[in-house]
Amino acid sequence: MDLKKAGFSTKAIHAGEIKEETGSVTTPIYQTAPFRFRDAAHAVRLMSGQEQGYVYSRGLNPTTKVLEDRIACLEGGEAALAQASGMAAISAAVFAVIKAGDHIIADEVVYGSTYDFFVDLKNLGVKVSFVDTSDPGNIETAFRQNTRLVFFETPANPTLKLTDIKAVSDIAHENGAIVMVDNTFMTPYFQQPLMLGADVVLHSATKYLNGHGDTVGGIMIGPSGFIKRTRHTSKNLGGAISPFNSWLILRGLKTLSVRMDRHNENAIEVAEFLQEHGMVDKVIYPGLENHPQYELARKQMRGSGGMVAFSLKRAEDVPVFLDALRLCTLAVSLGETDTLIQHPATMTHAVVPREKRIEYGITDELVRISVGMEDVSDIIEDLAQALESI
Ligand SMILES: Cc1ncc(COP(=O)(O)O)c(C=O)c1O
């Protein structure tokens, strides 16, 4: 069967799988650091690139290769490179394309460590302009002669604002820059940035791709030439993913579509409940008609995802509310079976200076929920009793 023409779930279960000699139905975990050369001449051919093959798991591993091929297929990209974490993937991808003197345009609302990584690039002579990419006009204005890269998340963590992938990719390409989109919140099940014109897609595979909160991993998908170059960069940076973690993500991927549907269904109900609650000031969820970019959501996403953000009326109520929760877990991370809830201002985005945070909409009153797969009535009951405790 030509898997390229198969449905999403079929690809998520079968793309890239290897038929190895024992007949193992699941992908084996090749838990090895080096691979034996057949002889000295074989070693020379592999090391010089005349022949492709496995040498050392920091560069390439068969279990990880199945993961890479599967995700490349799901995102509709030519190739992929898995890394030890989402941040390892982001940093390797960025380091593969920039050099001292280059300029980057990044959305002002990105995951805290991504923001921090971009801020630190000034130490290497790379200037990053943080702009609100939800307005493509801001990108046009921010372009300089030396702009090499445009980077954003959509929906953005944690404010769930959207960026028009096609509009921004068109502007970036007219100006000779490449576009990287962090697709962690949507996964390829709900959004495929490469199909909308982006050049590279990034994921924290720690989140929905793995889906069970039991491993850390990252992956990038893009043109073969870019992935080849980045594989070289990443081999030197050293952020290889372990074969066991690749295997856990492969296992998680098999149920991605059913999990995403459940997260989505539960999140809509949670968002609607919060919207009606008197203690809640504002709810942000791309599946609510009052989301400021509801039309764009319908245009570029096939679902709304499992992430909901909301503001309480007073910042001092946030810790009271969080401490009163009994089912929802107070923890960072997202995209797993369990409902996780956190306060971006003091947790995932604590690294962003307060005045910038407030300017970007990451206020002290904002709470982020990763709506899990429990029975939604239980999630809502827990949120209700914690809101009543304020
Ligand atoms: C949108 C997004 N991108 C990247 C990352 C970084 O991923 P990791 O924690 O796997 O390094 C995160 C982590 O929360 C994230 O939320």
# chains A, B, ... in the order shown; residues from 1 in each chain; ligands from 1
call {"tool": "residues_near_ligand", "arguments": {"ligand": "ligand 1", "cutoff": "9 Å", "atoms": "only C-alpha atoms and all ligand atoms", "output": "MDAnalysis selection string"}}
result
chainID A and resid 84:90 110:114 153:158 182:185 202:207 215:218 332:334 348
call {"tool": "residues_around", "arguments": {"residues": "segment 142-151 of chain A", "least_positions_apart": "4", "cutoff": "8 Å", "atoms": "only C-alpha atoms", "output": "tab-separated table (two decimals) with C-alpha atoms, in the first residue's frame"}}
result
chain	number	residue	atom	x	y	z
A	97	VAL	CA	20.61	28.15	9.49
A	98	ILE	CA	22.00	31.22	11.27
A	101	GLY	CA	25.42	39.00	11.98
A	102	ASP	CA	22.06	37.46	11.03
A	103	HIS	CA	18.68	38.75	12.14
A	104	ILE	CA	15.66	36.71	13.26
A	105	ILE	CA	12.01	37.74	13.57
A	106	ALA	CA	10.27	35.76	16.32
A	107	ASP	CA	6.80	36.01	17.72
A	129	SER	CA	13.25	41.13	16.98
A	131	VAL	CA	7.05	41.13	17.20
A	138	ASN	CA	4.40	43.68	11.76
A	172	ALA	CA	9.07	35.77	4.49
A	175	ASN	CA	12.13	38.70	1.57
A	176	GLY	CA	14.39	35.64	1.29
A	177	ALA	CA	13.86	34.28	4.81
A	178	ILE	CA	12.84	30.82	5.92
A	179	VAL	CA	9.85	30.06	8.15
A	180	MET	CA	9.87	27.74	11.15
A	181	VAL	CA	6.60	26.90	12.88
A	182	ASP	CA	6.34	25.23	16.27
call {"tool": "residues_around", "arguments": {"residues": "segment 166-168 of chain A", "least_positions_apart": "3", "cutoff": "7 Å", "atoms": "only C-alpha atoms", "output": "list of chain:residue names"}}
result
A:Pro136, A:Ile171, A:Ala172, A:Leu196, A:Gly197
call {"tool": "closest_residue", "arguments": {"among": "A:Asp39, A:Glu75, A:Glu388, A:Glu108", "to": "Ser134 of chain A", "atoms": "only C-alpha atoms"}}
result
A:Glu108
call {"tool": "atom_distance", "arguments": {"atom1": "atom CA of Glu269 of chain A", "atom2": "atom CA of Ile379 of chain A"}}
result
9.8 Å
call {"tool": "closest_residue", "arguments": {"among": "A:Val119, A:Val94, A:Ile165, A:Ala297", "to": "Arg229 of chain A", "atoms": "only C-alpha atoms"}}
result
A:Val94
call {"tool": "residues_around", "arguments": {"residues": "Asn61 of chain A", "least_positions_apart": "2", "cutoff": "9 Å", "atoms": "only C-alpha atoms", "output": "PyMOL selection string"}}
result
chain A and resi 30-33+54-59+63-66+242-243
call {"tool": "write_last_selection", "arguments": {"atoms": "C-alpha atoms", "output": "PDB file, in the first residue's frame"}}
result
ATOM      1  CA  TYR A  30      17.876  -0.742  19.099  1.00  0.00           C
ATOM      2  CA  GLN A  31      19.440   0.078  22.451  1.00  0.00           C
ATOM      3  CA  THR A  32      23.003   0.390  21.249  1.00  0.00           C
ATOM      4  CA  ALA A  33      25.552   3.199  21.001  1.00  0.00           C
ATOM      5  CA  TYR A  54      24.358   3.133  11.002  1.00  0.00           C
ATOM      6  CA  VAL A  55      27.597   4.046  12.775  1.00  0.00           C
ATOM      7  CA  TYR A  56      26.790   5.620  16.148  1.00  0.00           C
ATOM      8  CA  SER A  57      23.453   6.467  17.802  1.00  0.00           C
ATOM      9  CA  ARG A  58      24.313  10.143  18.329  1.00  0.00           C
ATOM     10  CA  GLY A  59      23.945  10.517  14.564  1.00  0.00           C
ATOM     11  CA  THR A  63      14.361   3.008  16.164  1.00  0.00           C
ATOM     12  CA  THR A  64      14.712   6.778  15.892  1.00  0.00           C
ATOM     13  CA  LYS A  65      14.712   6.532  12.093  1.00  0.00           C
ATOM     14  CA  VAL A  66      11.261   4.906  12.176  1.00  0.00           C
ATOM     15  CA  SER A 242      17.578   7.811  23.284  1.00  0.00           C
ATOM     16  CA  PRO A 243      16.180   4.838  21.293  1.00  0.00           C
TER      17      PRO A 243
END
call {"tool": "residues_around", "arguments": {"residues": "Gly361 of chain A", "least_positions_apart": "5", "cutoff": "10 Å", "atoms": "only C-alpha atoms", "output": "list in words"}}
result
Glu108, Val109, Pro158, Thr159, Lys161, Lys356 and Leu366 of chain A
call {"tool": "write_last_selection", "arguments": {"atoms": "C-alpha atoms", "output": "compact mmCIF listing (two decimals), in the first residue's frame"}}
result
# COMPACT_ATOMS: atom_id res chain seq x y z
CA GLU A 108 6.77 37.74 21.09
CA VAL A 109 4.62 34.95 22.56
CA PRO A 158 0.22 30.34 26.48
CA THR A 159 -2.07 33.05 25.02
CA LYS A 161 -3.23 33.70 19.65
CA LYS A 356 7.43 42.23 28.62
CA LEU A 366 -3.73 34.03 33.28
call {"tool": "residues_around", "arguments": {"residues": "Met301 of chain A", "least_positions_apart": "6", "cutoff": "9 Å", "atoms": "only C-alpha atoms", "output": "VMD selection string"}}
result
chain A and resid 186 190 to 192
call {"tool": "write_last_selection", "arguments": {"atoms": "C-alpha atoms", "output": "CSV table (one decimal), in the first residue's frame"}}
result
chain,number,residue,atom,x,y,z
A,186,MET,CA,-1.9,21.3,17.1
A,190,PHE,CA,-5.1,19.3,13.3
A,191,GLN,CA,-2.6,21.5,11.4
A,192,GLN,CA,0.1,20.9,8.7
call {"tool": "closest_residue", "arguments": {"among": "A:Lys127, A:Arg70, A:Arg302, A:Lys254", "to": "Met220 of chain A", "atoms": "only C-alpha atoms"}}
result
A:Arg70
call {"tool": "closest_residue", "arguments": {"among": "A:Val258, A:Ala198, A:Ile358, A:Leu312", "to": "Asp170 of chain A", "atoms": "only C-alpha atoms"}}
result
A:Ala198
call {"tool": "residues_around", "arguments": {"residues": "Val376 of chain A", "least_positions_apart": "6", "cutoff": "12 Å", "atoms": "only C-alpha atoms", "output": "PyMOL selection string"}}
result
chain A and resi 262-273+306+327-328+338-339+382-383
call {"tool": "select_by_dssp", "arguments": {"residues": "segment 67-280 of chain A", "states": "strand (DSSP E or B)", "output": "PyMOL selection string"}}
result
chain A and resi 79-83+103-107+127-131+147-153+178-182+200-204+218-222+280
call {"tool": "write_last_selection", "arguments": {"atoms": "C-alpha atoms", "output": "PDB file, in the first residue's frame"}}
result
ATOM      1  CA  ALA A  79      12.505  14.250   6.093  1.00  0.00           C
ATOM      2  CA  ALA A  80      12.716  14.646   9.873  1.00  0.00           C
ATOM      3  CA  LEU A  81      15.289  14.729  12.642  1.00  0.00           C
ATOM      4  CA  ALA A  82      14.437  13.683  16.193  1.00  0.00           C
ATOM      5  CA  GLN A  83      16.248  15.161  19.168  1.00  0.00           C
ATOM      6  CA  HIS A 103      18.677  38.745  12.144  1.00  0.00           C
ATOM      7  CA  ILE A 104      15.657  36.708  13.263  1.00  0.00           C
ATOM      8  CA  ILE A 105      12.005  37.743  13.574  1.00  0.00           C
ATOM      9  CA  ALA A 106      10.273  35.755  16.317  1.00  0.00           C
ATOM     10  CA  ASP A 107       6.797  36.008  17.725  1.00  0.00           C
ATOM     11  CA  LYS A 127      19.790  39.934  16.758  1.00  0.00           C
ATOM     12  CA  VAL A 128      16.227  38.775  17.404  1.00  0.00           C
ATOM     13  CA  SER A 129      13.253  41.130  16.980  1.00  0.00           C
ATOM     14  CA  PHE A 130      10.217  39.982  18.953  1.00  0.00           C
ATOM     15  CA  VAL A 131       7.055  41.134  17.199  1.00  0.00           C
ATOM     16  CA  THR A 147      16.764  38.709   8.226  1.00  0.00           C
ATOM     17  CA  ARG A 148      17.311  35.006   7.799  1.00  0.00           C
ATOM     18  CA  LEU A 149      14.490  33.396   9.761  1.00  0.00           C
ATOM     19  CA  VAL A 150      10.887  33.947  10.901  1.00  0.00           C
ATOM     20  CA  PHE A 151       9.830  31.793  13.861  1.00  0.00           C
ATOM     21  CA  PHE A 152       6.462  31.434  15.576  1.00  0.00           C
ATOM     22  CA  GLU A 153       4.104  29.073  17.380  1.00  0.00           C
ATOM     23  CA  ILE A 178      12.843  30.823   5.918  1.00  0.00           C
ATOM     24  CA  VAL A 179       9.855  30.065   8.153  1.00  0.00           C
ATOM     25  CA  MET A 180       9.874  27.737  11.149  1.00  0.00           C
ATOM     26  CA  VAL A 181       6.603  26.898  12.878  1.00  0.00           C
ATOM     27  CA  ASP A 182       6.343  25.233  16.272  1.00  0.00           C
ATOM     28  CA  VAL A 200      10.291  23.719   8.771  1.00  0.00           C
ATOM     29  CA  VAL A 201       7.979  22.368  11.474  1.00  0.00           C
ATOM     30  CA  LEU A 202       9.103  21.810  15.050  1.00  0.00           C
ATOM     31  CA  HIS A 203       7.603  19.851  17.900  1.00  0.00           C
ATOM     32  CA  SER A 204       8.122  19.244  21.521  1.00  0.00           C
ATOM     33  CA  GLY A 218      11.722  16.812  20.083  1.00  0.00           C
ATOM     34  CA  ILE A 219      11.540  16.630  16.318  1.00  0.00           C
ATOM     35  CA  MET A 220      11.869  18.849  13.249  1.00  0.00           C
ATOM     36  CA  ILE A 221      10.464  18.175   9.780  1.00  0.00           C
ATOM     37  CA  GLY A 222      11.550  19.879   6.570  1.00  0.00           C
ATOM     38  CA  VAL A 280     -13.676  33.833  35.325  1.00  0.00           C
TER      39      VAL A 280
END
call {"tool": "atom_distance", "arguments": {"atom1": "atom CA of Gly287 of chain A", "atom2": "atom CA of Asp364 of chain A"}}
result
23.7 Å
call {"tool": "closest_residue", "arguments": {"among": "A:Asp214, A:Glu17, A:Asp281, A:Glu174", "to": "Glu365 of chain A", "atoms": "only C-alpha atoms"}}
result
A:Asp281
call {"tool": "atom_distance", "arguments": {"atom1": "atom CA of Thr233 of chain A", "atom2": "atom CA of Phe95 of chain A"}}
result
7.3 Å
call {"tool": "decode", "arguments": {"residues": "segment 75-92 of chain A", "atoms": "C-alpha atoms", "output": "tab-separated table (two decimals), in the first residue's frame"}}
result
chain	number	residue	atom	x	y	z
A	75	GLU	CA	3.48	16.38	8.49
A	76	GLY	CA	3.79	15.90	4.72
A	77	GLY	CA	7.52	16.75	4.79
A	78	GLU	CA	10.48	15.19	3.01
A	79	ALA	CA	12.51	14.25	6.09
A	80	ALA	CA	12.72	14.65	9.87
A	81	LEU	CA	15.29	14.73	12.64
A	82	ALA	CA	14.44	13.68	16.19
A	83	GLN	CA	16.25	15.16	19.17
A	84	ALA	CA	16.42	14.67	22.94
A	85	SER	CA	13.89	17.44	23.65
A	86	GLY	CA	11.82	20.10	21.95
A	87	MET	CA	14.46	22.67	22.90
A	88	ALA	CA	17.23	20.48	21.41
A	89	ALA	CA	15.24	20.38	18.15
A	90	ILE	CA	14.61	24.15	18.15
A	91	SER	CA	18.21	25.07	18.97
A	92	ALA	CA	19.71	22.62	16.43
